[in-house]
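Data first, discussion second: the structure below is written as structure tokens.
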Number of protein chains: 2
Amino acid sequence: MKKLLLLFVVLASLDVTAQGGPAWDAMFRAIPEAGNIGEYMRIMSARPHHLGSPYGKENAEWMLAKFKEWGWDARIENYDVLFPTPKERLVEMVAPTRLRLSLEEPAVGVDPTSSQRSEQLPSFNAYSVDGDVTAPLVYVNYGRPVDYQELDRRGISVKGAIVIVRYGASWRGIKPKVAAERGAIGCLIYSDPRDDGYYVDGVFPDGPMRNKDGVQRGSVMDMPTFPGDPTTPGRGSIPGAERLDLNQTTTLTRIPVLPISYGDAQPLLAALAGDVVPMDWRGGLPITYRTGPGPVRVHLKVAFDWSLKRVHNVIARLEGSMYPDEWIVRGNHHDAWVNGAQDPASGMSAELEEARALGELVKQGWRPRRTIVYAAWDGEEQGLLGSTEWVEHHQAELRDKAVVYINTDGNGRGFLNAGGSHALEAVVNSVAQEVEDPQTKASVWKRMQALEIRRGPAAVRNEARSRPDLRIDALGSGSDYSAFLQHAGIPTLNLSFGGLDPSDGIYHSIYDDYYHFTKFLDTDFTYGRALAQTVGSLVIRFADADILPFQFTNLADTVQTYVTELQTLLRDAQAEIRETNRQIEEGVFTALADSRRPFRQPVVESVPPSINFAPLENAAAQLTQAAERYRKSLEASRARLTPDVIQTMNKRLIHSERQLTDTAGLPRRPWYRHLLYAPGYYTGYAVKTMPGVREALEEKNYAEAEREIARVADALSRGAALIDELTSALDKLSK
Amino acid sequence: MKKLLLLFVVLASLDVTAQGGPAWDAMFRAIPEAGNIGEYMRIMSARPHHLGSPYGKENAEWMLAKFKEWGWDARIENYDVLFPTPKERLVEMVAPTRLRLSLEEPAVGVDPTSSQRSEQLPSFNAYSVDGDVTAPLVYVNYGRPVDYQELDRRGISVKGAIVIVRYGASWRGIKPKVAAERGAIGCLIYSDPRDDGYYVDGVFPDGPMRNKDGVQRGSVMDMPTFPGDPTTPGRGSIPGAERLDLNQTTTLTRIPVLPISYGDAQPLLAALAGDVVPMDWRGGLPITYRTGPGPVRVHLKVAFDWSLKRVHNVIARLEGSMYPDEWIVRGNHHDAWVNGAQDPASGMSAELEEARALGELVKQGWRPRRTIVYAAWDGEEQGLLGSTEWVEHHQAELRDKAVVYINTDGNGRGFLNAGGSHALEAVVNSVAQEVEDPQTKASVWKRMQALEIRRGPAAVRNEARSRPDLRIDALGSGSDYSAFLQHAGIPTLNLSFGGLDPSDGIYHSIYDDYYHFTKFLDTDFTYGRALAQTVGSLVIRFADADILPFQFTNLADTVQTYVTELQTLLRDAQAEIRETNRQIEEGVFTALADSRRPFRQPVVESVPPSINFAPLENAAAQLTQAAERYRKSLEASRARLTPDVIQTMNKRLIHSERQLTDTAGLPRRPWYRHLLYAPGYYTGYAVKTMPGVREALEEKNYAEAEREIARVADALSRGAALIDELTSALDKLSK
């Protein structure tokens, strides 16, 4: 193991010093100061700064000035987007007793910004339709398809009901979407104390977690269909853009939705009758959780102002000295639901400090070879509006020039979390080796490795010890990288530190503010500095690399794991259905039923057919071979590289990720073009890898699965072909 | 699979009709009436009837009369035993605020017997020492050794503290025992709503579960050392018996203990500071669970009346017509903590109905070949007093004559649970095939099998489908079988129905009464009837069998699984310690530590040595071969059996289980003589199989493990030798 690590460090350091000049990234890492990051956060979170708010615009203008002060060429780019804001919000229990819910987050004495009531957006879910409904209430756990299957087994329908669903496990927008598919006519989403309240830790202001009045705001737009302005799918919402009418849009909810606190939810849930819910549906309230329906009836009324609001994206550049048309893009959003210290200022402040430090490097003589574009996005919270409209607007140019997009969002204390394109896995590992963890003073990589080893099983431990690179996650959705990666096919990374603090307790509430952050989270901003050091190092690595640091063997290795996963998914489904059918035949279910309780015998299902995975296996093998050949050739010929060859190779490398996309997009959601990574149609945030194949298997559409296998195989072959061209170019050098 | 089952049914029916006359057990099963069982319960639970109470004595006398009325030769056998009852109980929080706990279970309007206050024992733990202590409070989860290891890792000591520990996961007597070993000076045991309160189902009187005032009484005697009267270890507490002084006893607690409700526990737990506890330590109260210590200080004072109380065991007989000196013993206790409808009347009433039905059979002409002894034990709740003193008192005769002991205790709706000697596995399966499940009208065996199949994994499912007999559990402790099986070496079964209702909600509280049982549990007593049918059929099967229905191939198969488990236990311990040591060396733990929180690096431990399992493997193989030879010989020669051979063989069979015991007993607890089954020294109820070896491995005493391996191997060899003698006797017949 030691030998492998040593080899890795040697290779990594080759890369670092490839420019031949001073190690600019090491110099860079000495510049960021934690105190500055805290100060940016204090300023940005001083007042509510949601999309369309006066302080949001002020923040954008303040950042613009800062970028300019630090030597960047900066401007604000505007888009006009649909963002409905509440005009009326009402929830009342009308049976068995009458009770009107408060729907209010009170100010907390010790927390100075929590009282800025006039500027706060009230608690609501953006892109809920208007509605006024009264119906029986049914508790549906996290509201995933699997939860409704459990209700089906108990003979409980939500048709014509209002569902009460808890936050967590799936992205919130999935909850009203599935509820509506199941026939519900309204949806209340509440924060259960089991998930982010007192069960986890003390509640605000005594502790970091959600108190009984805290509410999670958030978008419920159907982002797995497409993010961005619902009225301008696939094109930038520039002033005057062609727009769909509201009734033509496809990403609003179909039923009215409102989020509530657990203080508001408790009397509703406590009054529900019906079956006791399964163990893993039970939350942390001191009640017996039951499904309903009966006797609780709820009246839900919401109405919104459907006017357009203006996005203020701040876009700043340092022009490349050698390859100005190769762009390194880096972003974080600046808008918040309310004061937003953790989300987004903890990430945005780190980005600003990177910008300051890069400006410092320029003053010290650094000239980045490639163009660096720093972005502060607006309207992320509503549906990745600022970033998506920008990518859609500049798509042609980005597909031609963007080398990489590096995203951050909130940040905390602990371990580096990295997700993204697997061709970037090696460079992330390399940088993680060089950034010092603020607590342990070892590298952040060492701490990541320790986490992997500790959370084993044996196979994970062995890999963490022996594989040169720790694995990075595949990206689903939930932050501004989505349009870059999944629509435009730009290699992407998303980075943050975290894991030592439970951080969701004030998420999207008025209590996510400077007081909370500096009392409970990265209180001295040292992890903000570590984030700036990590991302800035990556930016410099990309900006100055001779050959762009894509490493395809890790990608190929990851692709092989996906192929295996998909085959296992099908085999497991076959085995499970066979077993259930057998148990039905044996009378197992009738033998287990309790005659006192409702019982529905499961029905015999046809066993999924075996399908042809060969194209995928062959293409994955082809990619693996191509990647390995390229790795060897590059290693052998690095010393002989000429500027011409470098430029030709990089032009090809920029397009490597694009080979994995298909402009036809995924079935039924053409906006998503990447064939390896997409947010799940029914998970929302969580990724589905090889989504066309995987979701077809999950939805039991086996003909579609075979078609998608062919498309993914083609994409992998295109990628392999591009890599082979690179290898050929290198091999000519050797001759 | 079908073929195997068919074979099994054929073999079973051979057995049933072996007597050649009418199928008495089938006739028997038609007699028990659910209504009678309910009526017995109503009578027995009409008033509190704990050991030493007037109504306990009345119940004994009423049962005596009933047995006599049904044609049994019955009498009451008395013992005088130590049973401390409370004189004073006080718990108060003295810091950070003052609060005196109620320690009261209030009467509930709809529940008529809950108001019988003058006859109720208050809530307390029997065999707590007297004490008056004031100390900081520490929450220790379930109070198992593993929980204190977790506290150690956090640097938290309970030395000089009062611990608050939740009921569950281990037997309650373990909790003060381990607390005292760790230096605590007092112990409060509370019922967390996560375990048997609102988290599980609605609370009494609206639902079956424990309400905020409900308290679980119970013994905290150190039963894993020995059960029965602490002052007469190993001998019957007959009037005038030689007794230890109180200060010579070894099974009282070392620190004062008191149980409390979650209503009483909540303010104490809510006021605790310190670390948030691990996820699986968190209960269902609406608070953040923390370990303490600080700032809570508690004053605990308990004092008891240490006088002797009188046990009233009811012992009834039907004399055997052919083998009067071969006894089939069957028992259930009749004493309760308060009104005790579920515990013990649900089982005791079934036993009474069996007795009535057996009496009916006698009226119809049945003469059991062997003597049947029906017992109603007193003082079970305090520490299996009535049964243990009786076994100790009659030990010589029992070891000579007892064929089997069949125990029941509480009963509920659902699935037959069977535990006991594995030589009895086949006969239990055979009877379970013939008893009809009240709900499904299929056999109770079919329902047991369905449960096994459903709860799979694949290996369990396959076995449930293909092994002729479903496995029965090994017995630990917790009911009156302990002295029979583990002290006297008598083959034992413990049976109950259950699994459809959560039944612990009123366990050992004033609310375990007729109102509760008839509203929430086996409301129509049909499972009471099924229990009577099952146990009565077994009794008849044993009483009338030609060759006693011991089946050693299942025993040998089970023994092989224990040998494998022990080897795996050691290998896993070796692997785990090696891995932890490696992680320490790699710096994994320091890399993961959060400098904001207390952290203790684990210490390098020496890796357990490999030890010699060969004697155990050889002896298990010997037993397997002997069992298989016996099975074949018996099958081949059953038609040629002569009365003489039958009698000789049965005399030997009666002693087969005794071969698995050793009069020297287990290390440090000589009362426990069975080398295959014992309650765990640190689990209390839960069994440790091959306990000498297993606990030596768990306690890292490898020299002792090797010595115990030799003892278990010797016992298995003795068993195999006895079986070989049986085979020889049969083989002579064939010649």
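Convention: chains lettered A, B, ... in structure tokens order; per-chain residue numbering from 1; ligands numbered from 1 as shown.
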With a distance threshold of 9 Å and counting only C-alpha atoms, extract the residues of chain B near chain A and express them as a ChimeraX atom specification. /B:193,197-203,276,279,282-290,414-415,439-440,442,446-451,453-454,500,583,586-595
Those residues with N, CA and C atoms, as a compact mmCIF listing (two decimals), in the first residue's frame please?
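Output below, filename again01.txt:
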```txt
# COMPACT_ATOMS: atom_id res chain seq x y z
N PRO B 193 -40.81 5.16 26.12
CA PRO B 193 -41.95 5.00 25.20
C PRO B 193 -41.54 4.45 23.84
N GLY B 197 -44.08 2.07 24.79
CA GLY B 197 -45.08 3.12 24.98
C GLY B 197 -45.70 3.56 23.66
N TYR B 198 -45.97 4.85 23.55
CA TYR B 198 -46.72 5.37 22.41
C TYR B 198 -46.02 5.15 21.08
N TYR B 199 -44.71 5.01 21.12
CA TYR B 199 -44.01 4.76 19.86
C TYR B 199 -44.52 3.48 19.20
N VAL B 200 -44.91 2.53 20.02
CA VAL B 200 -45.29 1.20 19.52
C VAL B 200 -46.77 1.16 19.11
N ASP B 201 -47.62 1.74 19.95
CA ASP B 201 -49.06 1.73 19.67
C ASP B 201 -49.72 2.68 20.68
N GLY B 202 -51.02 2.84 20.57
CA GLY B 202 -51.72 3.71 21.51
C GLY B 202 -51.53 3.24 22.94
N VAL B 203 -51.65 4.15 23.90
CA VAL B 203 -51.38 3.79 25.29
C VAL B 203 -52.67 3.56 26.06
N VAL B 276 -24.63 14.40 23.27
CA VAL B 276 -25.78 13.72 22.69
C VAL B 276 -25.41 12.24 22.55
N MET B 279 -27.07 7.26 18.18
CA MET B 279 -28.41 7.06 17.59
C MET B 279 -29.21 5.97 18.28
N ARG B 282 -31.14 6.51 21.59
CA ARG B 282 -32.21 7.52 21.71
C ARG B 282 -33.56 6.85 21.82
N GLY B 283 -34.33 7.31 22.76
CA GLY B 283 -35.65 6.76 22.98
C GLY B 283 -36.72 7.60 22.32
N GLY B 284 -37.96 7.47 22.80
CA GLY B 284 -39.09 8.11 22.17
C GLY B 284 -39.59 9.36 22.87
N LEU B 285 -38.90 9.81 23.91
CA LEU B 285 -39.34 11.04 24.58
C LEU B 285 -38.99 12.24 23.70
N PRO B 286 -39.79 13.30 23.80
CA PRO B 286 -39.55 14.47 22.93
C PRO B 286 -38.45 15.37 23.48
N ILE B 287 -37.28 14.79 23.63
CA ILE B 287 -36.13 15.50 24.20
C ILE B 287 -34.89 15.08 23.43
N THR B 288 -33.81 15.82 23.64
CA THR B 288 -32.51 15.38 23.14
C THR B 288 -31.88 14.51 24.22
N TYR B 289 -31.64 13.26 23.93
CA TYR B 289 -31.05 12.36 24.92
C TYR B 289 -29.57 12.66 25.06
N ARG B 290 -29.15 12.89 26.30
CA ARG B 290 -27.74 13.18 26.59
C ARG B 290 -27.26 12.26 27.70
N GLY B 414 -51.16 -15.53 17.69
CA GLY B 414 -50.22 -15.58 16.59
C GLY B 414 -49.55 -16.90 16.35
N PHE B 415 -48.25 -16.90 16.54
CA PHE B 415 -47.41 -18.00 16.12
C PHE B 415 -46.94 -18.80 17.32
N GLN B 439 -57.01 -18.65 13.69
CA GLN B 439 -57.36 -17.66 12.67
C GLN B 439 -57.39 -18.26 11.29
N THR B 440 -56.34 -18.99 10.94
CA THR B 440 -56.19 -19.42 9.54
C THR B 440 -56.80 -20.79 9.30
N ALA B 442 -55.44 -23.39 9.27
CA ALA B 442 -54.36 -24.30 8.88
C ALA B 442 -53.67 -24.76 10.17
N LYS B 446 -47.86 -24.80 9.95
CA LYS B 446 -47.87 -24.09 8.67
C LYS B 446 -47.61 -22.60 8.89
N ARG B 447 -48.21 -22.08 9.94
CA ARG B 447 -48.04 -20.65 10.22
C ARG B 447 -46.62 -20.34 10.71
N MET B 448 -46.07 -21.25 11.53
CA MET B 448 -44.67 -21.09 11.95
C MET B 448 -43.75 -21.11 10.73
N GLN B 449 -44.03 -22.04 9.83
CA GLN B 449 -43.18 -22.16 8.65
C GLN B 449 -43.27 -20.90 7.80
N ALA B 450 -44.49 -20.39 7.65
CA ALA B 450 -44.68 -19.16 6.85
C ALA B 450 -43.86 -18.01 7.44
N LEU B 451 -43.84 -17.94 8.76
CA LEU B 451 -43.08 -16.87 9.42
C LEU B 451 -41.59 -16.99 9.12
N ILE B 453 -40.23 -18.49 6.55
CA ILE B 453 -40.00 -18.21 5.12
C ILE B 453 -40.01 -16.70 4.90
N ARG B 454 -40.96 -16.05 5.52
CA ARG B 454 -41.13 -14.63 5.27
C ARG B 454 -39.98 -13.81 5.83
N LEU B 500 -48.53 -11.41 17.15
CA LEU B 500 -49.45 -10.52 16.43
C LEU B 500 -49.74 -9.22 17.18
N GLN B 583 -6.10 0.00 12.33
CA GLN B 583 -6.62 1.37 12.19
C GLN B 583 -5.96 2.33 13.19
N GLU B 586 -2.70 3.10 11.67
CA GLU B 586 -2.85 3.98 10.50
C GLU B 586 -3.27 5.40 10.89
N GLY B 587 -3.63 5.59 12.15
CA GLY B 587 -4.07 6.91 12.57
C GLY B 587 -5.50 7.22 12.18
N VAL B 588 -6.30 6.19 11.91
CA VAL B 588 -7.68 6.41 11.48
C VAL B 588 -8.48 7.14 12.56
N PHE B 589 -8.31 6.73 13.80
CA PHE B 589 -9.15 7.32 14.87
C PHE B 589 -8.79 8.77 15.13
N THR B 590 -7.49 9.06 15.14
CA THR B 590 -7.11 10.47 15.33
C THR B 590 -7.56 11.31 14.14
N ALA B 591 -7.55 10.71 12.96
CA ALA B 591 -7.98 11.46 11.78
C ALA B 591 -9.47 11.76 11.83
N LEU B 592 -10.23 10.93 12.50
CA LEU B 592 -11.68 11.10 12.54
C LEU B 592 -12.15 11.96 13.70
N ALA B 593 -11.32 12.12 14.71
CA ALA B 593 -11.75 12.82 15.92
C ALA B 593 -12.10 14.27 15.63
N ASP B 594 -13.12 14.76 16.29
CA ASP B 594 -13.50 16.17 16.20
C ASP B 594 -12.93 16.86 17.42
N SER B 595 -12.07 17.83 17.20
CA SER B 595 -11.39 18.45 18.34
C SER B 595 -12.37 19.17 19.27
```
Pick out the residues sitting within 12 Å of Ala696 of chain A, and hand them over as a list in words; count only C-alpha atoms, and ignore anything fewer than 2 positions along from it in its own chain. Leu566, Leu569, Leu570, Pro608, Ile611, Leu666, Pro667, Arg668, Gly680, Tyr681, Lys688, Thr689, Met690, Pro691, Gly692, Val693, Arg694, Glu698, Glu699, Lys700, Asn701, Tyr702, Ala703, Glu704, Ala705, Glu706, Arg707, Glu708 and Ile709 of chain A
Hey, what's within 10 Å of Arg718 of chain B if we count only C-alpha atoms and toss same-chain stuff fewer than 4 positions away? As number ranges by chain, please? B: 619, 623, 656, 658-661, 712-714, 722-724
Just-selected residues, N, CA and C atoms written as a PDB file, in the first residue's frame:
```pdb
ATOM      1  N   ALA B 619     -16.330 -34.658  19.025  1.00  0.00           N
ATOM      2  CA  ALA B 619     -17.467 -35.126  19.815  1.00  0.00           C
ATOM      3  C   ALA B 619     -18.786 -34.851  19.091  1.00  0.00           C
ATOM      4  N   LEU B 623     -21.509 -37.586  18.045  1.00  0.00           N
ATOM      5  CA  LEU B 623     -22.936 -37.491  18.356  1.00  0.00           C
ATOM      6  C   LEU B 623     -23.777 -37.614  17.087  1.00  0.00           C
ATOM      7  N   SER B 656     -30.848 -39.341  28.971  1.00  0.00           N
ATOM      8  CA  SER B 656     -30.038 -38.821  27.863  1.00  0.00           C
ATOM      9  C   SER B 656     -29.667 -37.354  28.072  1.00  0.00           C
ATOM     10  N   ARG B 658     -29.453 -35.758  30.807  1.00  0.00           N
ATOM     11  CA  ARG B 658     -28.537 -35.625  31.957  1.00  0.00           C
ATOM     12  C   ARG B 658     -27.072 -35.784  31.546  1.00  0.00           C
ATOM     13  N   GLN B 659     -26.815 -36.495  30.428  1.00  0.00           N
ATOM     14  CA  GLN B 659     -25.421 -36.662  29.985  1.00  0.00           C
ATOM     15  C   GLN B 659     -24.803 -35.330  29.587  1.00  0.00           C
ATOM     16  N   LEU B 660     -25.667 -34.381  29.265  1.00  0.00           N
ATOM     17  CA  LEU B 660     -25.187 -33.086  28.794  1.00  0.00           C
ATOM     18  C   LEU B 660     -24.936 -32.117  29.943  1.00  0.00           C
ATOM     19  N   THR B 661     -25.096 -32.624  31.162  1.00  0.00           N
ATOM     20  CA  THR B 661     -24.856 -31.780  32.331  1.00  0.00           C
ATOM     21  C   THR B 661     -23.582 -32.241  33.027  1.00  0.00           C
ATOM     22  N   VAL B 712     -17.420 -29.833  27.424  1.00  0.00           N
ATOM     23  CA  VAL B 712     -18.571 -29.986  26.530  1.00  0.00           C
ATOM     24  C   VAL B 712     -18.366 -31.213  25.639  1.00  0.00           C
ATOM     25  N   ALA B 713     -17.139 -31.392  25.153  1.00  0.00           N
ATOM     26  CA  ALA B 713     -16.856 -32.550  24.304  1.00  0.00           C
ATOM     27  C   ALA B 713     -17.121 -33.842  25.076  1.00  0.00           C
ATOM     28  N   ASP B 714     -16.698 -33.877  26.332  1.00  0.00           N
ATOM     29  CA  ASP B 714     -16.959 -35.068  27.154  1.00  0.00           C
ATOM     30  C   ASP B 714     -18.457 -35.319  27.286  1.00  0.00           C
ATOM     31  N   LEU B 722     -24.453 -43.089  25.291  1.00  0.00           N
ATOM     32  CA  LEU B 722     -25.781 -43.546  25.700  1.00  0.00           C
ATOM     33  C   LEU B 722     -26.628 -43.902  24.476  1.00  0.00           C
ATOM     34  N   ILE B 723     -26.549 -43.076  23.462  1.00  0.00           N
ATOM     35  CA  ILE B 723     -27.326 -43.348  22.247  1.00  0.00           C
ATOM     36  C   ILE B 723     -26.832 -44.635  21.585  1.00  0.00           C
ATOM     37  N   ASP B 724     -25.520 -44.829  21.603  1.00  0.00           N
ATOM     38  CA  ASP B 724     -24.972 -46.078  21.042  1.00  0.00           C
ATOM     39  C   ASP B 724     -25.486 -47.304  21.796  1.00  0.00           C
TER      40      ASP B 724
END
```
Could you name the residues that touch Arg471 of chain A at 9 Å or less, counting only C-alpha atoms, but leaving out those on the same chain fewer than 3 positions away, as JSON, numbers by chain? {"A": [418, 419, 422, 425, 426, 429, 464, 467, 554, 558]}
Please extract the residues of segment 370-618 of chain A with a backbone DSSP assignment of strand (DSSP E or B) and present them as an MDAnalysis selection string. chainID A and resid 370:377 402:408 414:420 436 443 473 492:499
How far is it from atom CA of Leu268 of chain B to atom CA of Glu150 of chain B, in Å with one decimal?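 A separation of 21.2 Å between them.
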Pick out each residue of segment 189-265 of chain A that DSSP on the backbone tags as alpha helix (DSSP H); I need them as a list in words.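 Filtering segment 189-265 of chain A down to alpha helix (DSSP H) leaves Pro193, Arg194, Asp195, Asp196, Tyr262, Gly263, Asp264 and Ala265 of chain A.
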Need the shell around segment 27-32 of chain B: protein/DNA/RNA residues with any atom at most 12 Å away, counting only C-alpha atoms. Skip same-chain ones fewer than 4 positions apart. Format as a PyMOL selection string? chain B and resi 16+21-23+36-38+349-366+431+434-436+525-541
Excluding segment 368-383 of chain B and its own-chain neighbours fewer than 3 positions away, which residues fall within 7 Å of it when counting only C-alpha atoms? Please give them as number ranges by chain. B: 51, 126, 218-219, 221, 223, 227-228, 311-337, 386-387, 480, 543-544
For the selection you just gave me, I'd like the residues written to a file as a short mmCIF file (atom, residue, chain, number, x, y, z; two decimals), in the first residue's frame, keeping C-alpha atoms.
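Full text of selection25.cif as output:
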```
data_model
loop_
_atom_site.label_atom_id
_atom_site.label_comp_id
_atom_site.auth_asym_id
_atom_site.auth_seq_id
_atom_site.Cartn_x
_atom_site.Cartn_y
_atom_site.Cartn_z
CA LEU B 51 -46.44 -14.10 46.39
CA ALA B 126 -37.38 -7.08 44.25
CA GLY B 218 -39.71 -6.97 38.52
CA SER B 219 -37.00 -8.94 40.17
CA MET B 221 -32.01 -10.84 41.82
CA MET B 223 -30.52 -15.05 38.61
CA PRO B 227 -32.45 -18.45 40.87
CA GLY B 228 -34.66 -19.35 43.79
CA VAL B 311 -44.93 -20.10 48.61
CA HIS B 312 -48.05 -22.10 47.66
CA ASN B 313 -47.23 -24.50 44.80
CA VAL B 314 -50.20 -26.54 43.63
CA ILE B 315 -49.06 -30.04 42.56
CA ALA B 316 -51.56 -32.38 40.90
CA ARG B 317 -51.08 -35.92 39.57
CA LEU B 318 -52.60 -38.50 37.35
CA GLU B 319 -50.86 -41.77 38.23
CA GLY B 320 -49.35 -43.71 35.33
CA SER B 321 -50.93 -47.10 34.62
CA MET B 322 -47.86 -48.78 33.18
CA TYR B 323 -44.83 -46.67 34.14
CA PRO B 324 -45.85 -44.78 37.29
CA ASP B 325 -42.22 -43.85 37.95
CA GLU B 326 -41.83 -42.04 34.64
CA TRP B 327 -43.15 -38.53 35.11
CA ILE B 328 -44.38 -36.00 32.58
CA VAL B 329 -44.21 -32.66 34.40
CA ARG B 330 -45.98 -29.58 33.19
CA GLY B 331 -46.21 -26.17 34.86
CA ASN B 332 -47.06 -22.51 34.75
CA HIS B 333 -46.86 -20.01 37.57
CA HIS B 334 -49.94 -18.60 39.23
CA ASP B 335 -48.46 -15.66 41.10
CA ALA B 336 -48.42 -12.21 39.48
CA TRP B 337 -46.90 -8.84 40.24
CA GLY B 386 -41.73 -21.92 43.64
CA SER B 387 -40.39 -24.05 40.81
CA ASP B 480 -39.99 -21.78 35.60
CA ALA B 543 -47.37 -40.13 28.59
CA ASP B 544 -48.37 -42.84 26.14
#
```
Could you work out how far atom CA of Thr561 of chain A lies from atom CA of Ala459 of chain A, giving the answer in Å with one decimal?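 Straight-line distance from atom CA of Ala459 of chain A to atom CA of Thr561 of chain A works out to 13.5 Å.
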Could you check how far atom CA of Ala721 of chain A sits from atom CA of Pro468 of chain A, in Å to one decimal? 25.7 Å
Calculated over only C-alpha atoms, which of the candidates B:Ser610, B:Thr225, B:Thr97, B:Ser717 has the smallest distance to Ile174 of chain B? B:Thr225
